[in-house]
>>> print(open('run.cif').read())   # mmCIF, N, CA and C atoms
data_target
loop_
_atom_site.label_atom_id
_atom_site.label_comp_id
_atom_site.auth_asym_id
_atom_site.auth_seq_id
_atom_site.Cartn_x
_atom_site.Cartn_y
_atom_site.Cartn_z
N MET A 20 11.79 -32.79 73.78
CA MET A 20 13.20 -33.11 73.87
C MET A 20 13.76 -33.20 72.45
N ALA A 21 14.76 -32.39 72.19
CA ALA A 21 15.34 -32.33 70.85
C ALA A 21 16.32 -33.49 70.64
N LEU A 22 16.44 -33.89 69.39
CA LEU A 22 17.38 -34.96 69.04
C LEU A 22 18.76 -34.38 68.82
N SER A 23 19.78 -35.16 69.14
CA SER A 23 21.14 -34.73 68.87
C SER A 23 21.38 -34.79 67.36
N GLU A 24 22.48 -34.21 66.91
CA GLU A 24 22.79 -34.23 65.48
C GLU A 24 22.95 -35.65 64.96
N ASN A 25 23.58 -36.50 65.75
CA ASN A 25 23.78 -37.89 65.35
C ASN A 25 22.44 -38.63 65.26
N GLU A 26 21.56 -38.42 66.23
CA GLU A 26 20.25 -39.05 66.21
C GLU A 26 19.41 -38.54 65.04
N GLN A 27 19.50 -37.24 64.78
CA GLN A 27 18.76 -36.65 63.65
C GLN A 27 19.24 -37.24 62.33
N ARG A 28 20.55 -37.38 62.17
CA ARG A 28 21.11 -37.95 60.94
C ARG A 28 20.69 -39.41 60.79
N LEU A 29 20.71 -40.17 61.90
CA LEU A 29 20.30 -41.57 61.86
C LEU A 29 18.81 -41.69 61.49
N LEU A 30 17.99 -40.81 62.04
CA LEU A 30 16.56 -40.80 61.72
C LEU A 30 16.34 -40.50 60.24
N GLU A 31 17.07 -39.55 59.69
CA GLU A 31 16.95 -39.23 58.27
C GLU A 31 17.37 -40.40 57.40
N GLN A 32 18.42 -41.14 57.82
CA GLN A 32 18.84 -42.32 57.07
C GLN A 32 17.77 -43.41 57.11
N LEU A 33 17.15 -43.59 58.27
CA LEU A 33 16.08 -44.58 58.38
C LEU A 33 14.89 -44.21 57.51
N GLU A 34 14.53 -42.92 57.49
CA GLU A 34 13.43 -42.46 56.64
C GLU A 34 13.74 -42.69 55.17
N ALA A 35 14.97 -42.38 54.78
CA ALA A 35 15.36 -42.57 53.38
C ALA A 35 15.33 -44.05 53.00
N ALA A 36 15.79 -44.91 53.91
CA ALA A 36 15.77 -46.35 53.63
C ALA A 36 14.33 -46.86 53.52
N LEU A 37 13.47 -46.38 54.40
CA LEU A 37 12.07 -46.79 54.34
C LEU A 37 11.43 -46.32 53.04
N ALA A 38 11.70 -45.09 52.65
CA ALA A 38 11.13 -44.56 51.41
C ALA A 38 11.63 -45.34 50.20
N ALA A 39 12.89 -45.78 50.24
CA ALA A 39 13.43 -46.55 49.12
C ALA A 39 12.84 -47.96 49.09
N GLU A 40 12.63 -48.54 50.27
CA GLU A 40 12.14 -49.92 50.34
C GLU A 40 10.64 -50.03 50.05
N ASP A 41 9.86 -49.13 50.65
CA ASP A 41 8.40 -49.19 50.49
C ASP A 41 7.86 -47.76 50.39
N PRO A 42 7.88 -47.16 49.20
CA PRO A 42 7.48 -45.75 49.06
C PRO A 42 6.01 -45.49 49.42
N LYS A 43 5.14 -46.45 49.13
CA LYS A 43 3.72 -46.23 49.43
C LYS A 43 3.49 -46.16 50.94
N PHE A 44 4.13 -47.06 51.69
CA PHE A 44 4.01 -47.05 53.15
C PHE A 44 4.62 -45.78 53.73
N ALA A 45 5.77 -45.36 53.21
CA ALA A 45 6.42 -44.14 53.69
C ALA A 45 5.52 -42.93 53.44
N ASN A 46 4.86 -42.90 52.29
CA ASN A 46 3.96 -41.79 51.98
C ASN A 46 2.77 -41.79 52.93
N THR A 47 2.27 -42.97 53.27
CA THR A 47 1.15 -43.08 54.21
C THR A 47 1.56 -42.54 55.57
N LEU A 48 2.76 -42.88 56.02
CA LEU A 48 3.22 -42.38 57.32
C LEU A 48 3.42 -40.87 57.31
N ARG A 49 3.90 -40.34 56.22
CA ARG A 49 4.09 -38.88 56.15
C ARG A 49 2.76 -38.14 56.24
N GLY A 50 1.71 -38.69 55.64
CA GLY A 50 0.42 -38.02 55.61
C GLY A 50 -0.39 -38.19 56.88
N SER A 51 -0.01 -39.10 57.76
CA SER A 51 -0.84 -39.38 58.93
C SER A 51 -0.89 -38.21 59.90
N HIS A 52 0.19 -37.44 60.02
CA HIS A 52 0.19 -36.30 60.94
C HIS A 52 -0.77 -35.22 60.45
N ARG A 53 -0.79 -35.00 59.16
CA ARG A 53 -1.71 -33.99 58.62
C ARG A 53 -3.16 -34.41 58.78
N ARG A 54 -3.45 -35.69 58.54
CA ARG A 54 -4.82 -36.16 58.72
C ARG A 54 -5.26 -36.02 60.16
N THR A 55 -4.36 -36.33 61.10
CA THR A 55 -4.69 -36.18 62.51
C THR A 55 -4.98 -34.73 62.84
N PHE A 56 -4.17 -33.82 62.30
CA PHE A 56 -4.37 -32.39 62.53
C PHE A 56 -5.74 -31.96 62.02
N HIS A 57 -6.11 -32.38 60.81
CA HIS A 57 -7.39 -31.97 60.24
C HIS A 57 -8.57 -32.61 60.97
N ARG A 58 -8.39 -33.84 61.45
CA ARG A 58 -9.46 -34.47 62.24
C ARG A 58 -9.67 -33.74 63.56
N ARG A 59 -8.58 -33.33 64.18
CA ARG A 59 -8.71 -32.55 65.43
C ARG A 59 -9.39 -31.23 65.17
N ARG A 60 -9.03 -30.61 64.05
CA ARG A 60 -9.66 -29.34 63.69
C ARG A 60 -11.16 -29.52 63.45
N ALA A 61 -11.54 -30.61 62.81
CA ALA A 61 -12.96 -30.89 62.57
C ALA A 61 -13.68 -31.15 63.89
N ALA A 62 -13.04 -31.87 64.81
CA ALA A 62 -13.65 -32.13 66.11
C ALA A 62 -13.79 -30.84 66.91
N LEU A 63 -12.78 -29.98 66.86
CA LEU A 63 -12.86 -28.69 67.54
C LEU A 63 -13.99 -27.85 66.96
N ALA A 64 -14.15 -27.89 65.65
CA ALA A 64 -15.24 -27.15 65.03
C ALA A 64 -16.59 -27.68 65.50
N GLY A 65 -16.69 -28.98 65.73
CA GLY A 65 -17.93 -29.54 66.28
C GLY A 65 -18.23 -29.02 67.67
N VAL A 66 -17.21 -28.90 68.50
CA VAL A 66 -17.39 -28.36 69.85
C VAL A 66 -17.80 -26.89 69.77
N VAL A 67 -17.14 -26.13 68.89
CA VAL A 67 -17.49 -24.71 68.74
C VAL A 67 -18.91 -24.58 68.22
N PHE A 68 -19.35 -25.48 67.35
CA PHE A 68 -20.72 -25.47 66.87
C PHE A 68 -21.69 -25.63 68.04
N LEU A 69 -21.40 -26.54 68.95
CA LEU A 69 -22.26 -26.73 70.12
C LEU A 69 -22.29 -25.50 71.01
N VAL A 70 -21.18 -24.82 71.14
CA VAL A 70 -21.14 -23.57 71.91
C VAL A 70 -22.03 -22.53 71.23
N GLY A 71 -21.95 -22.46 69.90
CA GLY A 71 -22.81 -21.54 69.16
C GLY A 71 -24.28 -21.88 69.32
N LEU A 72 -24.58 -23.16 69.32
CA LEU A 72 -25.97 -23.60 69.52
C LEU A 72 -26.46 -23.20 70.91
N ALA A 73 -25.61 -23.37 71.91
CA ALA A 73 -25.98 -22.96 73.28
C ALA A 73 -26.22 -21.45 73.34
N ALA A 74 -25.39 -20.68 72.65
CA ALA A 74 -25.57 -19.24 72.62
C ALA A 74 -26.87 -18.87 71.90
N LEU A 75 -27.19 -19.60 70.83
CA LEU A 75 -28.43 -19.35 70.09
C LEU A 75 -29.64 -19.57 71.00
N VAL A 76 -29.63 -20.66 71.74
CA VAL A 76 -30.74 -20.96 72.63
C VAL A 76 -30.78 -19.98 73.81
N ALA A 77 -29.61 -19.66 74.36
CA ALA A 77 -29.56 -18.71 75.48
C ALA A 77 -30.03 -17.33 75.04
N GLY A 78 -29.80 -17.00 73.79
CA GLY A 78 -30.23 -15.71 73.28
C GLY A 78 -31.74 -15.54 73.29
N MET A 79 -32.47 -16.63 73.24
CA MET A 79 -33.92 -16.55 73.32
C MET A 79 -34.36 -16.06 74.69
N GLN A 80 -33.56 -16.35 75.69
CA GLN A 80 -33.88 -15.95 77.05
C GLN A 80 -33.34 -14.55 77.38
N PHE A 81 -32.12 -14.24 76.92
CA PHE A 81 -31.44 -13.02 77.37
C PHE A 81 -31.42 -11.88 76.37
N GLY A 82 -31.48 -12.15 75.09
CA GLY A 82 -31.46 -11.06 74.11
C GLY A 82 -31.15 -11.58 72.72
N TRP A 83 -31.70 -10.92 71.74
CA TRP A 83 -31.57 -11.37 70.36
C TRP A 83 -30.13 -11.32 69.86
N PHE A 84 -29.32 -10.37 70.36
CA PHE A 84 -27.96 -10.24 69.87
C PHE A 84 -27.12 -11.47 70.23
N ILE A 85 -27.43 -12.14 71.34
CA ILE A 85 -26.72 -13.37 71.71
C ILE A 85 -27.10 -14.48 70.72
N SER A 86 -28.36 -14.51 70.31
CA SER A 86 -28.79 -15.50 69.31
C SER A 86 -28.08 -15.28 67.98
N VAL A 87 -27.96 -14.02 67.58
CA VAL A 87 -27.28 -13.70 66.32
C VAL A 87 -25.81 -14.12 66.42
N LEU A 88 -25.18 -13.81 67.55
CA LEU A 88 -23.79 -14.20 67.76
C LEU A 88 -23.66 -15.74 67.72
N GLY A 89 -24.59 -16.44 68.35
CA GLY A 89 -24.57 -17.90 68.32
C GLY A 89 -24.69 -18.44 66.91
N PHE A 90 -25.57 -17.83 66.10
CA PHE A 90 -25.72 -18.26 64.72
C PHE A 90 -24.44 -18.04 63.93
N VAL A 91 -23.80 -16.89 64.13
CA VAL A 91 -22.54 -16.60 63.42
C VAL A 91 -21.47 -17.61 63.84
N ILE A 92 -21.41 -17.94 65.12
CA ILE A 92 -20.44 -18.93 65.60
C ILE A 92 -20.73 -20.29 64.97
N MET A 93 -22.00 -20.68 64.91
CA MET A 93 -22.37 -21.96 64.31
C MET A 93 -22.00 -22.00 62.82
N PHE A 94 -22.25 -20.90 62.13
CA PHE A 94 -21.92 -20.84 60.70
C PHE A 94 -20.42 -20.97 60.49
N GLY A 95 -19.63 -20.22 61.28
CA GLY A 95 -18.17 -20.30 61.17
C GLY A 95 -17.64 -21.69 61.49
N ALA A 96 -18.23 -22.32 62.50
CA ALA A 96 -17.80 -23.67 62.86
C ALA A 96 -18.13 -24.66 61.75
N THR A 97 -19.27 -24.49 61.11
CA THR A 97 -19.65 -25.38 60.01
C THR A 97 -18.69 -25.24 58.84
N VAL A 98 -18.36 -24.01 58.49
CA VAL A 98 -17.41 -23.78 57.40
C VAL A 98 -16.05 -24.38 57.75
N GLY A 99 -15.60 -24.17 58.99
CA GLY A 99 -14.32 -24.73 59.42
C GLY A 99 -14.32 -26.25 59.42
N ALA A 100 -15.42 -26.85 59.86
CA ALA A 100 -15.50 -28.31 59.89
C ALA A 100 -15.50 -28.89 58.48
N LEU A 101 -16.24 -28.28 57.58
CA LEU A 101 -16.26 -28.78 56.19
C LEU A 101 -14.90 -28.65 55.54
N SER A 102 -14.22 -27.54 55.79
CA SER A 102 -12.89 -27.34 55.23
C SER A 102 -11.91 -28.37 55.79
N ALA A 103 -11.94 -28.58 57.09
CA ALA A 103 -11.03 -29.55 57.71
C ALA A 103 -11.35 -30.96 57.25
N TRP A 104 -12.61 -31.32 57.19
CA TRP A 104 -12.99 -32.67 56.81
C TRP A 104 -12.64 -32.97 55.36
N GLN A 105 -12.70 -31.95 54.51
CA GLN A 105 -12.33 -32.12 53.11
C GLN A 105 -10.85 -32.49 53.01
N HIS A 106 -10.02 -31.92 53.87
CA HIS A 106 -8.59 -32.22 53.84
C HIS A 106 -8.28 -33.59 54.41
N VAL A 107 -9.12 -34.12 55.27
CA VAL A 107 -8.87 -35.44 55.86
C VAL A 107 -8.80 -36.49 54.77
N ASP A 108 -9.69 -36.45 53.79
CA ASP A 108 -9.72 -37.46 52.75
C ASP A 108 -8.64 -37.28 51.70
N HIS A 109 -8.14 -36.06 51.52
CA HIS A 109 -7.25 -35.81 50.40
C HIS A 109 -5.78 -35.74 50.78
N ASP A 110 -5.43 -35.65 52.07
CA ASP A 110 -4.03 -35.57 52.45
C ASP A 110 -3.34 -36.91 52.28
N GLY A 111 -2.10 -36.85 51.89
CA GLY A 111 -1.29 -38.05 51.81
C GLY A 111 -1.38 -38.77 50.48
N ASP A 112 -2.53 -38.89 49.90
CA ASP A 112 -2.68 -39.61 48.65
C ASP A 112 -3.51 -38.80 47.67
N PRO A 113 -2.86 -38.11 46.73
CA PRO A 113 -3.63 -37.26 45.81
C PRO A 113 -4.55 -38.05 44.89
N SER A 114 -4.34 -39.36 44.79
CA SER A 114 -5.19 -40.15 43.90
C SER A 114 -6.39 -40.73 44.63
N SER A 115 -6.70 -40.20 45.84
CA SER A 115 -7.82 -40.76 46.60
C SER A 115 -9.07 -39.89 46.53
N GLY A 116 -9.00 -38.80 45.81
CA GLY A 116 -10.13 -37.89 45.78
C GLY A 116 -11.26 -38.36 44.88
N PRO A 117 -12.42 -37.71 44.97
CA PRO A 117 -13.55 -38.12 44.16
C PRO A 117 -13.33 -37.91 42.67
N ALA A 118 -12.56 -36.90 42.30
CA ALA A 118 -12.31 -36.67 40.87
C ALA A 118 -11.52 -37.83 40.28
N HIS A 119 -10.55 -38.34 41.04
CA HIS A 119 -9.78 -39.47 40.55
C HIS A 119 -10.66 -40.72 40.45
N ALA A 120 -11.50 -40.93 41.44
CA ALA A 120 -12.39 -42.09 41.41
C ALA A 120 -13.35 -42.00 40.24
N PHE A 121 -13.85 -40.80 39.94
CA PHE A 121 -14.76 -40.63 38.80
C PHE A 121 -14.02 -40.91 37.50
N GLY A 122 -12.80 -40.39 37.37
CA GLY A 122 -12.02 -40.63 36.17
C GLY A 122 -11.71 -42.10 35.98
N ARG A 123 -11.42 -42.80 37.08
CA ARG A 123 -11.13 -44.22 37.02
C ARG A 123 -12.37 -45.01 36.59
N SER A 124 -13.54 -44.63 37.11
CA SER A 124 -14.76 -45.34 36.73
C SER A 124 -15.11 -45.07 35.27
N MET A 125 -14.84 -43.86 34.79
CA MET A 125 -15.09 -43.57 33.37
C MET A 125 -14.15 -44.39 32.49
N ASP A 126 -12.90 -44.57 32.91
CA ASP A 126 -11.97 -45.40 32.14
C ASP A 126 -12.46 -46.84 32.09
N ASP A 127 -12.93 -47.34 33.23
CA ASP A 127 -13.47 -48.71 33.27
C ASP A 127 -14.67 -48.85 32.33
N TRP A 128 -15.54 -47.87 32.33
CA TRP A 128 -16.73 -47.90 31.47
C TRP A 128 -16.32 -47.92 30.00
N ARG A 129 -15.35 -47.08 29.64
CA ARG A 129 -14.88 -47.04 28.25
C ARG A 129 -14.30 -48.39 27.83
N ARG A 130 -13.49 -48.99 28.71
CA ARG A 130 -12.90 -50.28 28.37
C ARG A 130 -13.96 -51.36 28.15
N ARG A 131 -15.00 -51.34 28.97
CA ARG A 131 -16.05 -52.34 28.83
C ARG A 131 -16.81 -52.18 27.52
N HIS A 132 -17.07 -50.94 27.12
CA HIS A 132 -17.89 -50.71 25.94
C HIS A 132 -17.09 -50.65 24.64
N GLU A 133 -15.78 -50.44 24.72
CA GLU A 133 -14.97 -50.42 23.52
C GLU A 133 -14.43 -51.79 23.16
N GLY A 134 -14.24 -52.61 24.13
CA GLY A 134 -13.64 -53.88 23.77
C GLY A 134 -14.00 -54.95 24.69
#
>>> encode(input="run.cif", output="structure tokens")
Amino acid sequence: MALSENEQRLLEQLEAALAAEDPKFANTLRGSHRRTFHRRRAALAGVVFLVGLAALVAGMQFGWFISVLGFVIMFGATVGALSAWQHVDHDGDPSSGPAHAFGRSMDDWRRRHEG
């Protein structure tokens, strides 16, 4: 159900007010949809991996080409899951990645040893 122009304008005003009042919370809310999308993608990749595993095992009974197809499906699902899961941690807050954490720990180490 689409919003009317008045409702859309009111929603935009509410979003702007929220962003002005609490920018960190507003940023968290903006990123939640993307994280949900990537988590669903990772879960779907897990299901596809199980389908590939079933094909791999079934190929032992029916023919080697089914096993090869199952392996290719499993490999693709693994790549997709790793890609999706990598985005789960990094969406919404660019300062939450491992590189930022490493840089922060190095800064802490320097402060302790310099002064």
>>> resolve_selection(input="run.cif", expression="the PyMOL selection byres ((chain A and resi 88) around 8)", output="PyMOL selection string")
chain A and resi 70-72+74-75+78+83-87+89-94
>>> atom_distance(input="run.cif", atom1="atom C of Thr97 (chain A)", atom2="atom C of Leu69 (chain A)")
12.7 Å
>>> resolve_selection(input="run.cif", expression="the PyMOL selection byres ((chain A and resi 100-102) around 7)", output="list in words")
Arg60, Ala61, Ala62, Ala64, Gly65, Gly95, Ala96, Thr97, Val98, Gly99, Ala103, Trp104, Gln105, His106 and Val107 of chain A
>>> write_last_selection(input="run.cif", atoms="N, CA and C atoms", output="mmCIF file, in the frame of the given file")
data_model
loop_
_atom_site.group_PDB
_atom_site.id
_atom_site.type_symbol
_atom_site.label_atom_id
_atom_site.label_comp_id
_atom_site.auth_asym_id
_atom_site.auth_seq_id
_atom_site.Cartn_x
_atom_site.Cartn_y
_atom_site.Cartn_z
ATOM 1 N N ARG A 60 -9.030 -30.610 64.050
ATOM 2 C CA ARG A 60 -9.660 -29.340 63.690
ATOM 3 C C ARG A 60 -11.160 -29.520 63.450
ATOM 4 N N ALA A 61 -11.540 -30.610 62.810
ATOM 5 C CA ALA A 61 -12.960 -30.890 62.570
ATOM 6 C C ALA A 61 -13.680 -31.150 63.890
ATOM 7 N N ALA A 62 -13.040 -31.870 64.810
ATOM 8 C CA ALA A 62 -13.650 -32.130 66.110
ATOM 9 C C ALA A 62 -13.790 -30.840 66.910
ATOM 10 N N ALA A 64 -14.150 -27.890 65.650
ATOM 11 C CA ALA A 64 -15.240 -27.150 65.030
ATOM 12 C C ALA A 64 -16.590 -27.680 65.500
ATOM 13 N N GLY A 65 -16.690 -28.980 65.730
ATOM 14 C CA GLY A 65 -17.930 -29.540 66.280
ATOM 15 C C GLY A 65 -18.230 -29.020 67.670
ATOM 16 N N GLY A 95 -19.630 -20.220 61.280
ATOM 17 C CA GLY A 95 -18.170 -20.300 61.170
ATOM 18 C C GLY A 95 -17.640 -21.690 61.490
ATOM 19 N N ALA A 96 -18.230 -22.320 62.500
ATOM 20 C CA ALA A 96 -17.800 -23.670 62.860
ATOM 21 C C ALA A 96 -18.130 -24.660 61.750
ATOM 22 N N THR A 97 -19.270 -24.490 61.110
ATOM 23 C CA THR A 97 -19.650 -25.380 60.010
ATOM 24 C C THR A 97 -18.690 -25.240 58.840
ATOM 25 N N VAL A 98 -18.360 -24.010 58.490
ATOM 26 C CA VAL A 98 -17.410 -23.780 57.400
ATOM 27 C C VAL A 98 -16.050 -24.380 57.750
ATOM 28 N N GLY A 99 -15.600 -24.170 58.990
ATOM 29 C CA GLY A 99 -14.320 -24.730 59.420
ATOM 30 C C GLY A 99 -14.320 -26.250 59.420
ATOM 31 N N ALA A 103 -11.940 -28.580 57.090
ATOM 32 C CA ALA A 103 -11.030 -29.550 57.710
ATOM 33 C C ALA A 103 -11.350 -30.960 57.250
ATOM 34 N N TRP A 104 -12.610 -31.320 57.190
ATOM 35 C CA TRP A 104 -12.990 -32.670 56.810
ATOM 36 C C TRP A 104 -12.640 -32.970 55.360
ATOM 37 N N GLN A 105 -12.700 -31.950 54.510
ATOM 38 C CA GLN A 105 -12.330 -32.120 53.110
ATOM 39 C C GLN A 105 -10.850 -32.490 53.010
ATOM 40 N N HIS A 106 -10.020 -31.920 53.870
ATOM 41 C CA HIS A 106 -8.590 -32.220 53.840
ATOM 42 C C HIS A 106 -8.280 -33.590 54.410
ATOM 43 N N VAL A 107 -9.120 -34.120 55.270
ATOM 44 C CA VAL A 107 -8.870 -35.440 55.860
ATOM 45 C C VAL A 107 -8.800 -36.490 54.770
#
>>> atom_distance(input="run.cif", atom1="CA of Ala39 (chain A)", atom2="CA of Leu22 (chain A)")
23.4 Å
>>> atom_distance(input="run.cif", atom1="CA of Pro42 (chain A)", atom2="atom N of Leu30 (chain A)")
17.4 Å
